[in-house]
$ cat model21.csv   # CSV, C-alpha atoms
chain,number,residue,atom,x,y,z
A,1170,MET,CA,53.8,76.2,94.0
A,1171,LYS,CA,54.5,79.8,93.3
A,1172,LYS,CA,57.3,80.7,90.9
A,1173,SER,CA,59.3,82.5,93.6
A,1174,THR,CA,58.9,79.6,96.0
A,1175,ALA,CA,60.2,77.2,93.4
A,1176,LEU,CA,63.3,79.5,92.8
A,1177,ALA,CA,63.9,79.8,96.5
A,1178,LEU,CA,63.7,76.0,97.0
A,1179,GLY,CA,66.0,75.5,94.0
A,1180,ILE,CA,68.6,77.8,95.4
A,1181,LEU,CA,68.2,76.2,98.9
A,1182,PHE,CA,68.6,72.7,97.7
A,1183,ALA,CA,71.5,73.6,95.4
A,1184,ALA,CA,73.3,75.3,98.3
A,1185,ILE,CA,72.7,72.2,100.5
A,1186,ALA,CA,74.0,70.0,97.7
A,1187,ILE,CA,77.2,72.0,97.2
A,1188,VAL,CA,78.0,72.2,100.9
A,1189,ALA,CA,77.3,68.5,101.4
A,1190,ALA,CA,79.5,67.6,98.3
A,1191,LEU,CA,82.3,69.7,99.7
A,1192,PHE,CA,82.4,67.9,103.0
A,1193,VAL,CA,81.4,64.4,101.8
A,1194,ALA,CA,85.0,63.2,101.8
A,1195,GLN,CA,85.3,64.0,105.6
A,1196,ILE,CA,81.8,62.9,106.5
A,1197,PRO,CA,80.7,60.1,104.2
A,1198,ALA,CA,77.1,60.1,105.5
A,1199,LEU,CA,76.6,63.4,103.7
A,1200,ILE,CA,76.3,61.4,100.4
A,1201,ALA,CA,72.7,60.8,101.4
A,1202,VAL,CA,72.2,64.6,101.5
A,1203,VAL,CA,73.8,65.0,98.1
A,1204,VAL,CA,71.7,62.2,96.6
A,1205,ILE,CA,68.5,63.8,97.8
A,1206,SER,CA,69.4,67.5,97.3
A,1207,VAL,CA,70.8,67.4,93.8
A,1208,PRO,CA,67.7,66.0,92.1
A,1209,ALA,CA,65.5,68.2,94.3
A,1210,ALA,CA,67.4,71.3,93.3
A,1211,LEU,CA,67.2,70.4,89.6
A,1212,ALA,CA,63.5,69.7,89.8
A,1213,SER,CA,62.8,72.9,91.7
A,1214,LEU,CA,64.7,74.9,89.0
A,1215,ILE,CA,62.6,73.1,86.3
A,1216,TYR,CA,59.4,74.1,88.2
A,1217,TRP,CA,60.6,77.7,88.5
A,1218,TRP,CA,61.5,77.9,84.8
A,1219,CYS,CA,58.2,76.4,83.6
A,1220,ALA,CA,55.8,78.1,86.1
A,1221,GLY,CA,53.8,80.4,83.9
A,1222,THR,CA,52.8,83.1,86.2
A,1223,LYS,CA,53.8,84.6,89.5
A,1224,ASP,CA,51.1,82.4,91.1
A,1225,GLY,CA,53.0,79.5,89.8
A,1226,ASP,CA,51.9,75.9,89.2
A,1227,ILE,CA,52.7,73.4,86.6
A,1228,PRO,CA,49.9,73.4,84.1
A,1229,PHE,CA,48.2,70.1,83.6
A,1230,VAL,CA,47.2,69.0,80.1
A,1231,GLY,CA,44.5,66.4,79.5
A,1232,TYR,CA,44.2,64.1,76.5
N,115,MET,CA,87.0,68.9,99.2
N,116,ILE,CA,85.5,69.7,95.8
N,117,ALA,CA,86.6,66.4,94.3
N,118,PHE,CA,83.2,64.6,94.4
N,119,LEU,CA,81.4,67.7,93.2
N,120,LEU,CA,83.7,68.1,90.3
N,121,LEU,CA,83.5,64.4,89.6
N,122,LEU,CA,79.7,64.5,89.5
N,123,ILE,CA,79.7,67.4,87.0
N,124,ILE,CA,82.4,65.8,84.8
N,125,ALA,CA,80.7,62.4,85.0
N,126,VAL,CA,77.4,63.9,83.7
N,127,PHE,CA,79.1,65.5,80.7
N,128,ALA,CA,81.3,62.5,80.1
N,129,GLY,CA,78.4,60.1,80.2
N,130,LEU,CA,76.5,62.2,77.7
N,131,LEU,CA,79.6,62.5,75.5
N,132,LEU,CA,79.9,58.7,75.6
N,133,HIS,CA,76.3,58.4,74.5
N,134,GLY,CA,77.0,60.8,71.7
N,135,LEU,CA,80.1,58.7,70.7
N,136,HIS,CA,77.9,55.6,70.9
N,137,ARG,CA,75.4,57.1,68.4
N,138,LYS,CA,78.2,58.4,66.1
N,139,VAL,CA,80.0,55.0,65.9
N,140,ILE,CA,76.7,53.2,65.2
N,141,ALA,CA,75.9,55.7,62.5
N,142,ARG,CA,79.3,55.4,60.8
N,143,ILE,CA,79.1,51.6,60.8
N,144,GLN,CA,75.7,51.9,59.2
N,145,SER,CA,77.2,54.3,56.5
N,146,ARG,CA,75.4,57.3,57.9
N,147,PRO,CA,77.0,60.6,59.0
N,148,GLY,CA,75.3,60.5,62.5
N,149,PRO,CA,74.9,63.3,64.9
N,150,PRO,CA,77.9,65.1,66.4
N,151,VAL,CA,79.3,63.5,69.5
N,152,TRP,CA,78.2,66.3,71.7
N,153,GLN,CA,74.5,65.9,70.5
N,154,GLU,CA,73.4,64.3,73.7
N,155,ILE,CA,74.8,67.2,75.7
N,156,LEU,CA,72.9,69.6,73.4
N,157,HIS,CA,69.7,67.6,73.8
N,158,THR,CA,70.0,67.7,77.6
N,159,LEU,CA,70.6,71.4,77.6
N,160,LYS,CA,67.7,72.0,75.2
N,161,PHE,CA,65.3,69.8,77.1
N,162,SER,CA,66.2,71.6,80.3
N,163,PHE,CA,64.6,74.8,79.0
N,164,LYS,CA,61.7,73.4,77.1
N,165,GLN,CA,58.1,73.9,78.3
N,166,THR,CA,57.5,71.1,80.9
N,167,TRP,CA,54.2,70.0,82.5
N,168,ILE,CA,52.6,67.0,84.0
N,169,PRO,CA,50.0,65.0,82.0
N,170,ARG,CA,46.6,65.0,83.5
N,171,THR,CA,46.4,61.2,83.5
N,172,ALA,CA,49.7,60.9,85.3
N,173,SER,CA,50.2,59.8,88.9
N,174,GLN,CA,51.7,63.2,89.8
N,175,VAL,CA,53.8,62.2,92.7
N,176,MET,CA,55.2,59.1,91.0
N,177,TYR,CA,55.7,60.9,87.7
N,178,VAL,CA,58.1,63.4,89.3
N,179,ALA,CA,59.5,61.3,92.0
N,180,ILE,CA,60.7,58.5,89.7
N,181,VAL,CA,62.9,61.0,87.8
N,182,LEU,CA,64.4,62.3,91.0
N,183,ILE,CA,65.0,58.8,92.2
N,184,ALA,CA,66.7,57.9,88.9
N,185,VAL,CA,69.2,60.8,89.3
N,186,GLY,CA,69.6,60.0,93.0
N,187,ILE,CA,70.5,56.3,92.6
N,188,TRP,CA,73.1,57.0,90.0
N,189,ILE,CA,74.7,59.8,92.0
N,190,ALA,CA,74.9,57.2,94.9
N,191,ALA,CA,76.4,54.6,92.5
N,192,LEU,CA,79.0,57.1,91.3
N,193,TRP,CA,79.9,57.7,95.0
N,194,VAL,CA,80.2,53.9,95.5
N,195,VAL,CA,82.6,53.6,92.6
N,196,TRP,CA,84.6,56.7,93.6
N,197,THR,CA,85.1,55.5,97.2
N,198,GLY,CA,85.7,51.9,96.2
N,199,ALA,CA,82.9,50.7,98.5
N,200,SER,CA,81.1,47.4,98.3
N,201,LEU,CA,80.2,45.8,94.9
N,202,LEU,CA,76.9,44.6,96.4
N,203,ILE,CA,75.8,48.2,97.1
N,204,LEU,CA,76.7,49.1,93.5
N,205,PHE,CA,74.7,46.3,92.1
N,206,ALA,CA,71.8,46.9,94.5
N,207,LEU,CA,71.6,50.4,93.0
N,208,TYR,CA,71.8,48.8,89.5
N,209,MET,CA,68.8,46.6,90.4
N,210,LEU,CA,66.8,49.7,91.4
N,211,HIS,CA,67.2,50.9,87.9
N,212,LYS,CA,64.7,48.3,86.8
N,213,ILE,CA,62.2,50.0,89.1
N,214,ILE,CA,63.0,53.3,87.4
N,215,GLU,CA,62.2,51.9,84.0
N,216,HIS,CA,59.0,50.4,85.4
N,217,GLY,CA,57.9,53.4,87.3
N,218,THR,CA,58.7,55.9,84.6
N,219,GLY,CA,56.5,54.0,82.2
N,220,LEU,CA,53.6,53.3,84.5
N,221,SER,CA,53.4,56.8,86.1
N,222,SER,CA,52.2,58.7,83.0
N,223,GLY,CA,49.0,56.9,82.2
N,224,SER,CA,50.0,56.6,78.5
N,225,PRO,CA,49.6,53.2,76.7
N,226,TYR,CA,53.0,53.6,75.0
N,227,THR,CA,54.8,54.0,78.2
N,228,LYS,CA,52.9,51.2,79.8
N,229,PHE,CA,54.1,48.8,77.2
N,230,GLY,CA,57.7,50.0,77.8
N,231,ALA,CA,57.3,49.6,81.5
N,232,ILE,CA,56.0,46.1,81.2
N,233,ARG,CA,58.9,45.2,79.0
N,234,SER,CA,61.3,46.5,81.6
N,235,VAL,CA,60.5,43.4,83.6
N,236,MET,CA,63.0,41.7,81.3
N,237,SER,CA,65.7,43.8,82.9
N,238,ALA,CA,65.5,41.2,85.7
N,239,ALA,CA,67.2,38.8,83.3
N,240,ALA,CA,70.3,40.9,83.5
N,241,GLU,CA,70.5,40.3,87.3
N,242,LEU,CA,71.5,36.6,86.6
N,243,PRO,CA,74.8,37.4,85.0
N,244,LEU,CA,75.2,40.2,87.6
N,245,LEU,CA,75.0,37.9,90.5
N,246,ALA,CA,77.3,35.4,88.7
N,247,THR,CA,79.9,38.2,88.3
N,248,VAL,CA,79.7,39.1,92.0
N,249,ALA,CA,80.1,35.4,93.0
N,250,ILE,CA,83.1,34.8,90.8
N,251,VAL,CA,84.8,38.1,91.7
N,252,TYR,CA,84.4,37.1,95.4
N,253,LEU,CA,85.7,33.6,94.6
N,254,PHE,CA,89.0,35.0,93.4
N,255,TRP,CA,89.5,38.0,95.6
N,256,ARG,CA,87.7,37.0,98.8
N,257,THR,CA,86.3,40.6,99.1
N,258,LEU,CA,83.6,42.6,97.5
N,259,SER,CA,85.2,46.0,98.1
N,260,ILE,CA,85.7,47.6,94.7
N,261,GLY,CA,88.7,49.5,96.1
N,262,GLU,CA,90.4,46.4,97.4
N,263,ILE,CA,89.7,44.4,94.2
N,264,ALA,CA,91.1,47.2,92.1
N,265,ALA,CA,94.2,47.5,94.3
N,266,PHE,CA,94.9,43.7,94.5
N,267,GLN,CA,95.0,43.5,90.7
N,268,ILE,CA,97.8,46.1,90.6
N,269,GLU,CA,99.7,44.5,93.5
N,270,THR,CA,99.5,41.0,92.1
N,271,GLN,CA,99.9,42.1,88.5
N,272,THR,CA,96.9,39.9,87.8
N,273,PRO,CA,93.9,41.6,86.2
N,274,THR,CA,90.7,39.8,87.0
N,275,ILE,CA,89.9,39.6,83.3
N,276,LEU,CA,92.8,37.1,82.7
N,277,ILE,CA,91.7,34.7,85.4
N,278,ALA,CA,87.9,35.2,85.3
N,279,PHE,CA,87.2,36.0,81.7
N,280,PRO,CA,83.6,34.6,81.7
N,281,ALA,CA,82.8,37.0,84.6
N,282,ALA,CA,84.1,39.9,82.5
N,283,VAL,CA,81.8,38.8,79.7
N,284,SER,CA,79.0,38.8,82.2
N,285,LEU,CA,79.5,42.3,83.2
N,286,TYR,CA,80.0,43.3,79.6
N,287,LEU,CA,76.6,41.7,78.8
N,288,ILE,CA,75.1,43.9,81.6
N,289,ILE,CA,76.6,47.0,80.0
N,290,LEU,CA,75.4,45.9,76.6
N,291,SER,CA,71.9,45.3,78.0
N,292,LYS,CA,71.7,48.8,79.2
N,293,ALA,CA,73.1,50.4,76.0
N,294,HIS,CA,70.7,52.3,73.8
N,295,TYR,CA,70.0,51.0,70.3
N,296,GLY,CA,71.4,47.6,71.3
N,297,PRO,CA,70.4,44.0,70.9
N,298,PHE,CA,68.7,44.1,74.3
N,299,SER,CA,66.8,47.4,73.5
N,300,VAL,CA,63.4,45.6,73.3
N,301,ILE,CA,63.3,46.7,76.9
N,302,GLU,CA,63.4,50.4,75.9
N,303,ALA,CA,60.6,49.8,73.4
N,304,LYS,CA,61.7,52.7,71.2
N,305,GLU,CA,59.5,51.3,68.4
N,306,LEU,CA,56.6,52.5,70.6
N,307,VAL,CA,57.3,56.2,70.1
N,308,SER,CA,60.0,56.3,72.8
N,309,GLY,CA,59.0,53.4,75.0
N,310,TYR,CA,58.8,54.2,78.7
N,311,TRP,CA,60.5,57.6,78.1
N,312,THR,CA,57.6,58.8,75.9
N,313,GLU,CA,55.7,60.9,78.3
N,314,HIS,CA,58.7,62.3,80.3
N,315,PHE,CA,59.6,65.4,78.2
N,316,GLY,CA,61.2,68.7,78.7
N,317,GLY,CA,62.9,69.1,82.0
N,318,TRP,CA,62.0,65.6,83.1
N,319,ARG,CA,63.7,64.2,80.0
N,320,ALA,CA,66.8,66.3,80.7
N,321,LEU,CA,67.0,64.8,84.2
N,322,LEU,CA,66.5,61.2,82.8
N,323,ASN,CA,69.4,62.0,80.3
N,324,ILE,CA,71.6,63.0,83.2
N,325,ALA,CA,70.7,59.8,85.1
N,326,MET,CA,71.5,57.7,82.0
N,327,GLY,CA,74.8,59.5,81.5
N,328,LEU,CA,75.8,58.8,85.0
N,329,LYS,CA,74.7,55.2,84.6
N,330,THR,CA,77.0,54.7,81.6
N,331,VAL,CA,80.0,56.2,83.4
N,332,VAL,CA,79.4,54.1,86.5
N,333,LEU,CA,79.1,50.8,84.7
N,334,LEU,CA,82.1,51.4,82.4
N,335,SER,CA,84.3,52.5,85.3
N,336,ALA,CA,83.2,49.6,87.4
N,337,PHE,CA,84.2,47.2,84.6
N,338,VAL,CA,87.7,48.7,84.4
N,339,LEU,CA,88.1,48.7,88.2
N,340,LEU,CA,86.9,45.2,88.7
N,341,PHE,CA,88.6,43.5,85.7
N,342,ILE,CA,91.6,45.6,84.9
N,343,GLY,CA,92.5,47.4,88.1
N,344,ALA,CA,93.2,50.8,89.7
N,345,VAL,CA,94.6,52.4,86.6
N,346,PRO,CA,95.6,56.1,86.2
N,347,TRP,CA,92.8,58.5,85.3
N,348,TRP,CA,93.9,59.0,81.7
N,349,LEU,CA,94.1,55.2,81.1
N,350,MET,CA,90.6,54.9,82.7
N,351,ILE,CA,89.2,57.3,80.2
N,352,ILE,CA,90.9,55.5,77.3
N,353,LEU,CA,89.7,52.1,78.5
N,354,MET,CA,86.1,53.4,79.1
N,355,THR,CA,86.1,54.9,75.6
N,356,ILE,CA,87.3,51.6,74.0
N,357,LEU,CA,84.7,49.7,75.9
N,358,MET,CA,82.0,52.1,74.7
N,359,ILE,CA,83.1,51.8,71.1
N,360,SER,CA,83.1,48.0,71.3
N,361,VAL,CA,79.6,48.1,72.7
N,362,SER,CA,78.6,50.5,69.8
N,363,PHE,CA,80.0,48.0,67.3
N,364,ILE,CA,77.9,45.3,68.7
N,365,CYS,CA,74.8,47.5,68.8
N,366,ALA,CA,75.4,48.5,65.2
N,367,VAL,CA,75.6,45.0,63.8
N,368,THR,CA,73.1,43.1,65.8
N,369,PRO,CA,69.4,43.1,65.4
N,370,MET,CA,67.1,43.8,68.3
N,371,LEU,CA,66.6,40.5,70.1
N,372,THR,CA,63.2,39.2,71.0
N,373,PRO,CA,62.2,39.0,74.7
N,374,TYR,CA,62.7,35.2,74.7
N,375,GLN,CA,66.2,35.6,73.2
N,376,VAL,CA,67.1,38.3,75.8
N,377,VAL,CA,66.2,36.1,78.7
N,378,THR,CA,67.7,33.0,77.2
N,379,ILE,CA,71.1,34.5,76.3
N,380,GLN,CA,71.5,35.9,79.7
N,381,THR,CA,70.4,32.8,81.5
N,382,ILE,CA,72.7,30.6,79.4
N,383,TRP,CA,75.7,32.8,80.0
N,384,THR,CA,75.0,32.8,83.7
N,385,VAL,CA,75.0,29.0,83.7
N,386,VAL,CA,78.4,29.1,81.8
N,387,VAL,CA,79.9,31.5,84.4
N,388,LEU,CA,78.6,29.4,87.3
N,389,LEU,CA,80.0,26.2,85.8
N,390,TYR,CA,83.4,28.0,85.3
N,391,ALA,CA,83.3,29.1,88.9
N,392,ALA,CA,82.5,25.6,90.1
N,393,VAL,CA,85.4,24.1,88.2
N,394,VAL,CA,87.8,26.8,89.3
N,395,TRP,CA,86.6,26.4,92.9
N,396,ILE,CA,87.2,22.7,92.8
N,397,VAL,CA,90.7,23.2,91.3
N,398,LEU,CA,91.7,25.8,93.8
N,399,TYR,CA,90.2,23.7,96.7
N,400,ALA,CA,91.9,20.5,95.5
N,401,GLY,CA,95.1,22.3,95.0
N,402,GLY,CA,95.1,23.5,98.6
N,403,ILE,CA,94.9,27.2,97.5
N,404,LEU,CA,91.5,27.5,99.1
N,405,VAL,CA,91.0,26.0,102.6
$ encode --input "model21.csv" --output "C-alpha cells"
Amino acid sequence: MKKSTALALGILFAAIAIVAALFVAQIPALIAVVVISVPAALASLIYWWCAGTKDGDIPFVGY
Amino acid sequence: MIAFLLLLIIAVFAGLLLHGLHRKVIARIQSRPGPPVWQEILHTLKFSFKQTWIPRTASQVMYVAIVLIAVGIWIAALWVVWTGASLLILFALYMLHKIIEHGTGLSSGSPYTKFGAIRSVMSAAAELPLLATVAIVYLFWRTLSIGEIAAFQIETQTPTILIAFPAAVSLYLIILSKAHYGPFSVIEAKELVSGYWTEHFGGWRALLNIAMGLKTVVLLSAFVLLFIGAVPWWLMIILMTILMISVSFICAVTPMLTPYQVVTIQTIWTVVVLLYAAVVWIVLYAGGILV
C-alpha cells in the first residue's frame, strides 16, 4: 500500500467513524459502522506513519 | 449527538489511567515507587509512533485483523453498556476476548506468543462464573437488560449486591481474571517475555493497549450498573476507582496461580453461586413470590 493511499484511507475511515458516532444515538445500527471504522482508521494511520517511502509497504523482517 | 464519540475517547484515556493506577497501587504495596499513573497513556502514545512492521513468520491477515477485532469488540461492548442493552450481548463480546488472546498469540509465528496463546484457553474457565452471574441476575430481576436492571435497583432501593452477593463475587472474579499482574495472570504468560503480546509491537501494541483500556472501563462500569445501580456519573467514577484499587490490592498480595488453581477456583465458585441460586429460587418459589 502506498503511503499516500494509507493516509487517504485513514482520513476516510476517520471521517466515517466520526459521522457514524455523531448519529449513532438516532440510528443505533450505525454502531456497526463505528466498530469497523475506528480500528480501520487507526490501522491505516499506523500504516501511513510507518510506510518508509512514497511507494509504501510495511517492511517485513525475517528471523 | 457527540455523546458516544466523547465517551469513547474518554473511556480510552480513563481505562489507561485505571491501568496506571493499578500499577501504582501494586508498586506502593510492594514498597516500590512505581510508575506515574499516566504511564500507560504515555506508553500508548509512544507505541503509536514507534517503527512498526509485520514479522515474516506471521500470518499477515490474522496478525493485523486480530488487533482490529480487539478494538472493535470493546467499542461494541462500551456501546452495550452505554445504551443499557442486553447483558448477554456484553458477555458474548467478553467471550470473544478469549479469541483475541488466542489469535494474537498464534498469528505471529513466535514460540513465546504461541505459549501465551495456548494458555489463553484457560480464559474459558472464567465463563463459568460469568454464566452463573447472568443466571442469578435474571433470577432476581427477570430481565437481562442492563438499563432495566440498573433502574430497578434505584426504584426498589435494593442494590443487587445485597441480595445476590455471590453473583457480585463472580463478576469480581471475572474482573480479577482479566487484571494485569494478578493471580490469574498465568494466562498472560508475562514470564515468557510478554506472553501473547510479545510480537505485537509499535502501533499494534498501542491498539491493543486501547482495547485493554476499554475492556477495563466496560467491566468495571458493568459491575457498578449490575450490582449497585444507575448512579450519577461522578459516583460511577468513584466506585470504579475503588473497585480498581481493590483489584490492585489483591493482585499485589497474591502469587500467580497455577493453571490448575485458576480453573479450580473459578469452577468451585460457580458451584457455590449456582447452589445459592437454587436455594433462593426454592425459597422464592415456596414463598409464592415466584410463580
$ atom_distance --input "model21.csv" --atom1 "atom CA of Ser234 of chain N" --atom2 "atom CA of Gln375 of chain N"
14.6 Å
$ residues_around --input "model21.csv" --residues "Phe1192 of chain A" --least-positions-apart "5" --cutoff "9 Å" --atoms "all atoms listed in the file" --output "count of residues only"
5
$ interface_residues --input "model21.csv" --of "chain A" --to "chain N" --cutoff "9 Å" --atoms "all atoms listed in the file" --output "PyMOL selection string"
chain A and resi 1186-1187+1190-1195+1200-1201+1203-1209+1211-1212+1215-1216+1218-1220+1227-1232
$ atom_distance --input "model21.csv" --atom1 "atom CA of Leu371 of chain N" --atom2 "atom CA of Ile288 of chain N"
14.7 Å
$ atom_distance --input "model21.csv" --atom1 "atom CA of Thr247 of chain N" --atom2 "atom CA of Ser360 of chain N"
19.9 Å
$ closest_residue --input "model21.csv" --among "N:Ser145, N:Thr257, N:Ser284, N:Thr270" --to "Gln380 of chain N" --atoms "all atoms listed in the file"
N:Ser284
$ closest_residue --input "model21.csv" --among "N:Leu245, N:Ala125, N:Ile250, N:Ala391" --to "Thr274 of chain N" --atoms "only C-alpha atoms"
N:Ile250
$ residues_near_point --input "model21.csv" --point "(93.8, 37.1, 87.6)" --cutoff "10 Å" --atoms "only C-alpha atoms" --output "JSON, numbers by chain"
{"N": [251, 254, 255, 266, 267, 270, 271, 272, 273, 274, 275, 276, 277, 278, 279, 341, 342]}
$ axis_aligned_box --input "model21.csv" --around "segment 1181-1194 of chain A" --padding-each-side "3 Å" --output "JSON"
{"center_x": 76.6, "center_y": 69.7, "center_z": 99.2, "size_x": 22.8, "size_y": 19.0, "size_z": 13.6}
$ closest_residue --input "model21.csv" --among "N:Arg142, N:Val248, N:Glu215, N:Pro297" --to "Pro369 of chain N" --atoms "all atoms listed in the file"
N:Pro297
